[in-house]
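K.L.:
One file: data_25.txt (compact mmCIF, N, CA and C atoms).
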```txt
# COMPACT_ATOMS: atom_id res chain seq x y z
N MET T 1 116.86 -37.16 90.63
CA MET T 1 117.55 -36.69 91.81
C MET T 1 117.29 -37.65 92.95
N ASP T 2 118.32 -37.97 93.67
CA ASP T 2 118.18 -38.80 94.86
C ASP T 2 117.99 -37.88 96.06
N ASN T 3 117.68 -38.46 97.21
CA ASN T 3 117.58 -37.66 98.42
C ASN T 3 118.93 -37.02 98.70
N LEU T 4 118.91 -35.78 99.10
CA LEU T 4 120.14 -35.03 99.30
C LEU T 4 120.48 -34.98 100.79
N SER T 5 121.77 -35.00 101.08
CA SER T 5 122.23 -34.90 102.47
C SER T 5 122.23 -33.43 102.89
N GLN T 6 122.36 -33.22 104.20
CA GLN T 6 122.42 -31.84 104.72
C GLN T 6 123.62 -31.11 104.14
N ASN T 7 124.73 -31.81 103.94
CA ASN T 7 125.91 -31.21 103.35
C ASN T 7 125.64 -30.78 101.90
N ASP T 8 124.94 -31.66 101.15
CA ASP T 8 124.58 -31.32 99.77
C ASP T 8 123.71 -30.07 99.75
N LEU T 9 122.73 -30.02 100.66
CA LEU T 9 121.83 -28.86 100.73
C LEU T 9 122.61 -27.59 101.04
N SER T 10 123.56 -27.69 101.97
CA SER T 10 124.37 -26.52 102.32
C SER T 10 125.17 -26.02 101.12
N GLN T 11 125.74 -26.95 100.36
CA GLN T 11 126.52 -26.56 99.18
C GLN T 11 125.63 -25.94 98.11
N ILE T 12 124.45 -26.53 97.88
CA ILE T 12 123.52 -25.98 96.89
C ILE T 12 123.03 -24.61 97.34
N PHE T 13 122.71 -24.48 98.62
CA PHE T 13 122.26 -23.21 99.18
C PHE T 13 123.32 -22.13 98.95
N GLN T 14 124.56 -22.45 99.27
CA GLN T 14 125.65 -21.48 99.12
C GLN T 14 125.85 -21.10 97.65
N GLN T 15 125.76 -22.08 96.77
CA GLN T 15 125.91 -21.82 95.34
C GLN T 15 124.81 -20.89 94.84
N HIS T 16 123.56 -21.17 95.24
CA HIS T 16 122.45 -20.31 94.82
C HIS T 16 122.59 -18.92 95.41
N GLN T 17 123.03 -18.85 96.64
CA GLN T 17 123.21 -17.55 97.28
C GLN T 17 124.26 -16.75 96.52
N ASN T 18 125.35 -17.39 96.14
CA ASN T 18 126.40 -16.70 95.39
C ASN T 18 125.94 -16.36 93.98
N ASN T 19 125.32 -17.32 93.28
CA ASN T 19 124.90 -17.09 91.91
C ASN T 19 123.85 -16.00 91.80
N ALA T 20 122.94 -15.94 92.75
CA ALA T 20 121.86 -14.96 92.70
C ALA T 20 122.32 -13.62 93.25
N ASP T 21 123.54 -13.58 93.79
CA ASP T 21 124.09 -12.37 94.37
C ASP T 21 123.17 -11.81 95.44
N ILE T 22 122.68 -12.71 96.28
CA ILE T 22 121.75 -12.33 97.35
C ILE T 22 122.52 -12.27 98.66
N GLU T 23 122.38 -11.17 99.35
CA GLU T 23 123.02 -11.03 100.65
C GLU T 23 121.98 -11.34 101.72
N THR T 24 122.28 -12.30 102.58
CA THR T 24 121.38 -12.60 103.69
C THR T 24 121.62 -11.54 104.75
N SER T 25 120.69 -10.62 104.84
CA SER T 25 120.87 -9.48 105.73
C SER T 25 120.47 -9.83 107.16
N ASN T 26 120.73 -8.91 108.06
CA ASN T 26 120.34 -9.08 109.45
C ASN T 26 118.83 -9.17 109.59
N PHE T 27 118.09 -8.60 108.63
CA PHE T 27 116.64 -8.66 108.66
C PHE T 27 116.16 -10.10 108.73
N TYR T 28 116.72 -10.96 107.91
CA TYR T 28 116.31 -12.37 107.89
C TYR T 28 116.68 -13.06 109.20
N LYS T 29 117.79 -12.70 109.78
CA LYS T 29 118.24 -13.34 111.00
C LYS T 29 117.36 -12.99 112.19
N ASP T 30 116.61 -11.88 112.10
CA ASP T 30 115.75 -11.45 113.20
C ASP T 30 114.38 -12.11 113.17
N ILE T 31 114.06 -12.84 112.11
CA ILE T 31 112.75 -13.49 112.00
C ILE T 31 112.80 -14.84 112.71
N ASP T 32 111.85 -15.04 113.62
CA ASP T 32 111.77 -16.31 114.35
C ASP T 32 110.91 -17.27 113.54
N LEU T 33 111.55 -18.14 112.77
CA LEU T 33 110.83 -19.07 111.90
C LEU T 33 110.09 -20.15 112.67
N SER T 34 110.43 -20.35 113.93
CA SER T 34 109.80 -21.42 114.71
C SER T 34 108.34 -21.13 115.04
N ILE T 35 107.90 -19.89 114.88
CA ILE T 35 106.51 -19.55 115.23
C ILE T 35 105.52 -19.93 114.13
N TYR T 36 106.02 -20.35 112.97
CA TYR T 36 105.14 -20.68 111.85
C TYR T 36 104.94 -22.19 111.74
N ASP T 37 103.69 -22.58 111.49
CA ASP T 37 103.38 -24.00 111.31
C ASP T 37 103.76 -24.48 109.92
N LYS T 38 103.49 -23.68 108.91
CA LYS T 38 103.72 -24.05 107.51
C LYS T 38 104.37 -22.89 106.78
N PHE T 39 105.12 -23.26 105.75
CA PHE T 39 105.72 -22.28 104.86
C PHE T 39 105.24 -22.60 103.46
N LEU T 40 104.50 -21.68 102.84
CA LEU T 40 103.99 -21.87 101.49
C LEU T 40 104.87 -21.08 100.54
N ILE T 41 105.38 -21.77 99.56
CA ILE T 41 106.24 -21.12 98.57
C ILE T 41 105.61 -21.31 97.20
N PHE T 42 105.34 -20.21 96.53
CA PHE T 42 104.85 -20.29 95.17
C PHE T 42 106.07 -20.50 94.29
N PHE T 43 106.19 -21.74 93.83
CA PHE T 43 107.43 -22.26 93.28
C PHE T 43 107.39 -22.31 91.75
N SER T 44 108.19 -21.46 91.13
CA SER T 44 108.30 -21.46 89.67
C SER T 44 109.36 -22.43 89.19
N GLY T 45 110.29 -22.75 90.08
CA GLY T 45 111.43 -23.57 89.70
C GLY T 45 112.64 -22.71 89.35
N GLY T 46 112.46 -21.40 89.39
CA GLY T 46 113.55 -20.48 89.10
C GLY T 46 114.43 -20.24 90.31
N LYS T 47 115.42 -19.37 90.14
CA LYS T 47 116.41 -19.17 91.20
C LYS T 47 115.83 -18.56 92.47
N ASP T 48 114.84 -17.68 92.34
CA ASP T 48 114.32 -17.02 93.54
C ASP T 48 113.52 -17.98 94.42
N SER T 49 112.60 -18.72 93.82
CA SER T 49 111.81 -19.66 94.62
C SER T 49 112.67 -20.82 95.10
N THR T 50 113.64 -21.24 94.30
CA THR T 50 114.58 -22.28 94.74
C THR T 50 115.38 -21.80 95.94
N TYR T 51 115.82 -20.56 95.90
CA TYR T 51 116.56 -19.98 97.02
C TYR T 51 115.70 -19.98 98.29
N CYS T 52 114.43 -19.64 98.16
CA CYS T 52 113.54 -19.62 99.32
C CYS T 52 113.46 -21.00 99.97
N VAL T 53 113.30 -22.03 99.15
CA VAL T 53 113.23 -23.40 99.67
C VAL T 53 114.54 -23.76 100.37
N LEU T 54 115.64 -23.53 99.70
CA LEU T 54 116.94 -23.91 100.26
C LEU T 54 117.27 -23.11 101.51
N TYR T 55 116.85 -21.84 101.55
CA TYR T 55 117.07 -21.02 102.73
C TYR T 55 116.33 -21.61 103.94
N LEU T 56 115.06 -21.98 103.73
CA LEU T 56 114.30 -22.57 104.83
C LEU T 56 114.93 -23.86 105.32
N LEU T 57 115.35 -24.71 104.39
CA LEU T 57 116.00 -25.97 104.79
C LEU T 57 117.30 -25.70 105.52
N GLU T 58 118.05 -24.74 105.05
CA GLU T 58 119.32 -24.37 105.70
C GLU T 58 119.08 -23.86 107.12
N GLN T 59 117.93 -23.24 107.34
CA GLN T 59 117.60 -22.73 108.67
C GLN T 59 117.04 -23.81 109.58
N GLY T 60 116.97 -25.05 109.08
CA GLY T 60 116.53 -26.16 109.90
C GLY T 60 115.03 -26.44 109.84
N ILE T 61 114.33 -25.80 108.92
CA ILE T 61 112.90 -26.06 108.78
C ILE T 61 112.72 -27.43 108.15
N SER T 62 111.90 -28.25 108.77
CA SER T 62 111.65 -29.60 108.29
C SER T 62 110.87 -29.56 106.97
N PRO T 63 111.22 -30.43 106.02
CA PRO T 63 110.50 -30.45 104.74
C PRO T 63 108.99 -30.65 104.88
N ASP T 64 108.55 -31.30 105.96
CA ASP T 64 107.10 -31.51 106.11
C ASP T 64 106.36 -30.24 106.53
N ARG T 65 107.09 -29.18 106.83
CA ARG T 65 106.48 -27.88 107.15
C ARG T 65 106.48 -26.94 105.94
N ILE T 66 107.00 -27.43 104.81
CA ILE T 66 107.08 -26.61 103.60
C ILE T 66 106.14 -27.18 102.55
N GLU T 67 105.40 -26.31 101.89
CA GLU T 67 104.57 -26.71 100.75
C GLU T 67 104.95 -25.85 99.56
N LEU T 68 105.10 -26.50 98.43
CA LEU T 68 105.36 -25.79 97.18
C LEU T 68 104.09 -25.76 96.35
N HIS T 69 103.82 -24.63 95.72
CA HIS T 69 102.66 -24.48 94.85
C HIS T 69 103.15 -23.93 93.52
N HIS T 70 102.84 -24.67 92.45
CA HIS T 70 103.25 -24.25 91.11
C HIS T 70 102.00 -24.06 90.26
N HIS T 71 101.89 -22.88 89.65
CA HIS T 71 100.74 -22.57 88.80
C HIS T 71 101.13 -22.81 87.34
N LEU T 72 100.37 -23.71 86.69
CA LEU T 72 100.61 -24.02 85.28
C LEU T 72 99.91 -22.97 84.43
N ILE T 73 100.69 -22.17 83.73
CA ILE T 73 100.14 -21.06 82.95
C ILE T 73 99.33 -21.57 81.76
N ASP T 74 99.83 -22.59 81.08
CA ASP T 74 99.14 -23.10 79.89
C ASP T 74 98.02 -24.07 80.23
N ALA T 75 97.89 -24.46 81.47
CA ALA T 75 96.83 -25.36 81.94
C ALA T 75 96.83 -26.67 81.19
N GLU T 76 95.65 -27.17 80.91
CA GLU T 76 95.51 -28.47 80.27
C GLU T 76 95.49 -28.37 78.75
N ASN T 77 95.73 -27.20 78.22
CA ASN T 77 95.71 -27.02 76.76
C ASN T 77 96.87 -27.74 76.08
N ASN T 78 96.70 -28.00 74.83
CA ASN T 78 97.79 -28.56 74.03
C ASN T 78 98.66 -27.45 73.46
N VAL T 79 98.33 -26.22 73.76
CA VAL T 79 99.06 -25.07 73.26
C VAL T 79 100.14 -24.70 74.29
N GLU T 80 101.39 -24.69 73.87
CA GLU T 80 102.48 -24.31 74.76
C GLU T 80 102.90 -22.88 74.44
N LEU T 81 102.47 -21.96 75.30
CA LEU T 81 102.80 -20.56 75.11
C LEU T 81 103.78 -20.05 76.16
N MET T 82 103.54 -20.43 77.39
CA MET T 82 104.32 -19.86 78.49
C MET T 82 105.13 -20.89 79.27
N ASP T 83 104.56 -22.06 79.48
CA ASP T 83 105.25 -23.09 80.28
C ASP T 83 106.27 -23.83 79.43
N TYR T 84 107.48 -23.95 79.95
CA TYR T 84 108.45 -24.81 79.28
C TYR T 84 108.00 -26.25 79.47
N PRO T 85 108.15 -27.09 78.47
CA PRO T 85 107.69 -28.49 78.57
C PRO T 85 108.29 -29.25 79.75
N CYS T 86 109.48 -28.88 80.20
CA CYS T 86 110.15 -29.62 81.26
C CYS T 86 109.83 -29.09 82.66
N THR T 87 109.16 -27.96 82.78
CA THR T 87 109.01 -27.30 84.08
C THR T 87 108.22 -28.12 85.09
N GLU T 88 107.09 -28.67 84.67
CA GLU T 88 106.26 -29.43 85.60
C GLU T 88 107.03 -30.62 86.16
N ASP T 89 107.70 -31.36 85.29
CA ASP T 89 108.50 -32.51 85.72
C ASP T 89 109.66 -32.07 86.61
N TYR T 90 110.31 -30.97 86.24
CA TYR T 90 111.43 -30.46 87.05
C TYR T 90 110.95 -30.11 88.46
N CYS T 91 109.84 -29.40 88.56
CA CYS T 91 109.32 -29.01 89.87
C CYS T 91 109.00 -30.25 90.71
N GLN T 92 108.39 -31.26 90.08
CA GLN T 92 108.04 -32.48 90.80
C GLN T 92 109.28 -33.20 91.30
N LYS T 93 110.30 -33.30 90.45
CA LYS T 93 111.54 -34.00 90.84
C LYS T 93 112.28 -33.23 91.93
N PHE T 94 112.26 -31.92 91.86
CA PHE T 94 112.89 -31.09 92.90
C PHE T 94 112.21 -31.36 94.24
N ALA T 95 110.88 -31.31 94.24
CA ALA T 95 110.12 -31.54 95.47
C ALA T 95 110.34 -32.95 96.01
N ASP T 96 110.31 -33.93 95.12
CA ASP T 96 110.51 -35.32 95.53
C ASP T 96 111.90 -35.52 96.15
N ALA T 97 112.91 -34.91 95.55
CA ALA T 97 114.28 -35.07 96.04
C ALA T 97 114.46 -34.50 97.43
N LEU T 98 113.68 -33.47 97.75
CA LEU T 98 113.81 -32.84 99.06
C LEU T 98 112.73 -33.29 100.05
N GLY T 99 111.83 -34.16 99.59
CA GLY T 99 110.78 -34.65 100.47
C GLY T 99 109.75 -33.59 100.82
N ILE T 100 109.44 -32.72 99.87
CA ILE T 100 108.51 -31.61 100.09
C ILE T 100 107.26 -31.83 99.24
N LYS T 101 106.09 -31.52 99.81
CA LYS T 101 104.84 -31.63 99.06
C LYS T 101 104.77 -30.54 98.00
N LEU T 102 104.26 -30.93 96.83
CA LEU T 102 104.09 -30.00 95.72
C LEU T 102 102.66 -30.09 95.22
N TYR T 103 102.04 -28.94 95.06
CA TYR T 103 100.68 -28.88 94.53
C TYR T 103 100.68 -28.02 93.27
N PHE T 104 99.83 -28.43 92.31
CA PHE T 104 99.70 -27.69 91.07
C PHE T 104 98.33 -27.02 91.00
N SER T 105 98.29 -25.89 90.33
CA SER T 105 97.03 -25.21 90.04
C SER T 105 97.09 -24.72 88.60
N TYR T 106 95.92 -24.41 88.05
CA TYR T 106 95.86 -23.86 86.70
C TYR T 106 94.53 -23.14 86.51
N ARG T 107 94.48 -22.25 85.57
CA ARG T 107 93.24 -21.57 85.21
C ARG T 107 92.60 -22.34 84.06
N GLU T 108 91.29 -22.61 84.17
CA GLU T 108 90.59 -23.32 83.09
C GLU T 108 90.85 -22.64 81.76
N GLY T 109 91.32 -23.42 80.81
CA GLY T 109 91.62 -22.89 79.49
C GLY T 109 93.00 -22.26 79.38
N GLY T 110 93.64 -22.05 80.51
CA GLY T 110 95.00 -21.51 80.52
C GLY T 110 95.13 -20.11 79.96
N PHE T 111 96.35 -19.77 79.69
CA PHE T 111 96.70 -18.44 79.18
C PHE T 111 96.05 -18.19 77.82
N TYR T 112 96.01 -19.23 77.00
CA TYR T 112 95.44 -19.09 75.66
C TYR T 112 93.97 -18.65 75.73
N ARG T 113 93.18 -19.30 76.57
CA ARG T 113 91.77 -18.92 76.71
C ARG T 113 91.64 -17.49 77.19
N GLU T 114 92.50 -17.10 78.12
CA GLU T 114 92.44 -15.73 78.64
C GLU T 114 92.73 -14.71 77.55
N MET T 115 93.67 -15.03 76.68
CA MET T 115 94.01 -14.10 75.59
C MET T 115 92.90 -14.03 74.55
N MET T 116 92.21 -15.15 74.31
CA MET T 116 91.27 -15.25 73.20
C MET T 116 89.81 -14.99 73.61
N ARG T 117 89.53 -14.86 74.88
CA ARG T 117 88.13 -14.73 75.29
C ARG T 117 87.57 -13.36 74.92
N GLU T 118 86.30 -13.38 74.55
CA GLU T 118 85.58 -12.14 74.26
C GLU T 118 84.25 -12.20 74.98
N ASN T 119 83.99 -11.21 75.78
CA ASN T 119 82.74 -11.13 76.52
C ASN T 119 82.47 -12.39 77.35
N GLN T 120 83.51 -12.94 77.91
CA GLN T 120 83.40 -14.11 78.78
C GLN T 120 84.08 -13.79 80.11
N LYS T 121 83.61 -14.42 81.15
CA LYS T 121 84.29 -14.30 82.43
C LYS T 121 85.62 -15.03 82.35
N THR T 122 86.52 -14.61 83.18
CA THR T 122 87.81 -15.30 83.24
C THR T 122 87.60 -16.73 83.75
N GLY T 123 88.44 -17.65 83.32
CA GLY T 123 88.31 -19.05 83.72
C GLY T 123 88.57 -19.25 85.20
N ALA T 124 87.93 -20.26 85.75
CA ALA T 124 88.12 -20.59 87.17
C ALA T 124 89.52 -21.14 87.40
N ILE T 125 90.02 -20.95 88.60
CA ILE T 125 91.31 -21.53 88.96
C ILE T 125 91.04 -22.88 89.63
N CYS T 126 91.72 -23.90 89.14
CA CYS T 126 91.58 -25.27 89.66
C CYS T 126 92.80 -25.60 90.50
N TYR T 127 92.56 -26.20 91.66
CA TYR T 127 93.63 -26.55 92.58
C TYR T 127 93.69 -28.06 92.76
N GLN T 128 94.88 -28.56 92.90
CA GLN T 128 95.10 -29.98 93.16
C GLN T 128 94.74 -30.29 94.60
N ASP T 129 94.00 -31.37 94.79
CA ASP T 129 93.68 -31.84 96.14
C ASP T 129 94.87 -32.63 96.69
N GLU T 130 94.86 -32.82 98.00
CA GLU T 130 95.89 -33.66 98.61
C GLU T 130 95.61 -35.04 98.18
```
Would you mind writing the structure in this file as structure tokens?
P.N.:
Amino acid sequence: MDNLSQNDLSQIFQQHQNNADIETSNFYKDIDLSIYDKFLIFFSGGKDSTYCVLYLLEQGISPDRIELHHHLIDAENNVELMDYPCTEDYCQKFADALGIKLYFSYREGGFYREMMRENQKTGAICYQDE
């Protein structure tokens, strides 16, 4: 993906709004977004989190005020149970195309360890540093 123009963003925003059948109610219009320093979006790459990103951009929020956080369910394991193989790359390319920071996190041992553990504490959550 290359950098997108404001017109491209508007078209993508409208398409997602129509496809997701989401009505932007008066509730959203009453929120003063200018009072927030940062917007953290837990980004799966699906239609809902994508809509949140595009909505903020459509409202004029600068990409440097938005942070995306994606949690890798399978973690560093070689076992693919929950994460689609393309998701991590897709999320990174989406963020890069829009000029938005993306951070990854995972639970030690991932979903597999959580399912298979017996008499063990749950694995620690690891976060990506800047």
K.L.:
Would you kindly identify which residues have an atom no farther than 6.5 Å from (105.9, -26.8, 100.2), using all atoms listed in the file and the file's own coordinates, and write them out as an mmCIF file with N, CA and C atoms, keeping the file's coordinate frame?
P.N.:
```cif
data_model
loop_
_atom_site.group_PDB
_atom_site.id
_atom_site.type_symbol
_atom_site.label_atom_id
_atom_site.label_comp_id
_atom_site.auth_asym_id
_atom_site.auth_seq_id
_atom_site.Cartn_x
_atom_site.Cartn_y
_atom_site.Cartn_z
ATOM 1 N N PHE T 39 105.120 -23.260 105.750
ATOM 2 C CA PHE T 39 105.720 -22.280 104.860
ATOM 3 C C PHE T 39 105.240 -22.600 103.460
ATOM 4 N N LEU T 40 104.500 -21.680 102.840
ATOM 5 C CA LEU T 40 103.990 -21.870 101.490
ATOM 6 C C LEU T 40 104.870 -21.080 100.540
ATOM 7 N N ILE T 41 105.380 -21.770 99.560
ATOM 8 C CA ILE T 41 106.240 -21.120 98.570
ATOM 9 C C ILE T 41 105.610 -21.310 97.200
ATOM 10 N N ARG T 65 107.090 -29.180 106.830
ATOM 11 C CA ARG T 65 106.480 -27.880 107.150
ATOM 12 C C ARG T 65 106.480 -26.940 105.940
ATOM 13 N N ILE T 66 107.000 -27.430 104.810
ATOM 14 C CA ILE T 66 107.080 -26.610 103.600
ATOM 15 C C ILE T 66 106.140 -27.180 102.550
ATOM 16 N N GLU T 67 105.400 -26.310 101.890
ATOM 17 C CA GLU T 67 104.570 -26.710 100.750
ATOM 18 C C GLU T 67 104.950 -25.850 99.560
ATOM 19 N N LEU T 68 105.100 -26.500 98.430
ATOM 20 C CA LEU T 68 105.360 -25.790 97.180
ATOM 21 C C LEU T 68 104.090 -25.760 96.350
ATOM 22 N N HIS T 69 103.820 -24.630 95.720
ATOM 23 C CA HIS T 69 102.660 -24.480 94.850
ATOM 24 C C HIS T 69 103.150 -23.930 93.520
ATOM 25 N N ILE T 100 109.440 -32.720 99.870
ATOM 26 C CA ILE T 100 108.510 -31.610 100.090
ATOM 27 C C ILE T 100 107.260 -31.830 99.240
ATOM 28 N N LYS T 101 106.090 -31.520 99.810
ATOM 29 C CA LYS T 101 104.840 -31.630 99.060
ATOM 30 C C LYS T 101 104.770 -30.540 98.000
ATOM 31 N N LEU T 102 104.260 -30.930 96.830
ATOM 32 C CA LEU T 102 104.090 -30.000 95.720
ATOM 33 C C LEU T 102 102.660 -30.090 95.220
#
```
K.L.:
Give me, please, the distance in Å between atom CA of T:Ile73 and atom CA of T:Ala95, quoted to one decimal.
P.N.:
19.1 Å
K.L.:
One decimal, in Å: what's the spacing between atom N of T:Leu57 and atom C of T:Ser105?
P.N.:
24.1 Å
K.L.:
Using the chain letters and numbers from this document, which residues of stretch 25-108 of chain T does DSSP assign to helix (DSSP H, G or I), as a ChimeraX atom specification?
P.N.:
/T:26-29,33-35,47-58,63-65,87-98
K.L.:
To one decimal in Å, tell me the separation between atom C of T:Cys86 and atom N of T:His70.
P.N.:
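Computing it gives 12.8 Å between the two atoms.
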K.L.:
Using all atoms listed in the file, find the one residue out of T:Val79, T:Thr87, T:Asp32, T:Ser62 that sits nearest to T:Gly45.
P.N.:
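That would be T:Thr87, the residue with the smallest distance to T:Gly45.
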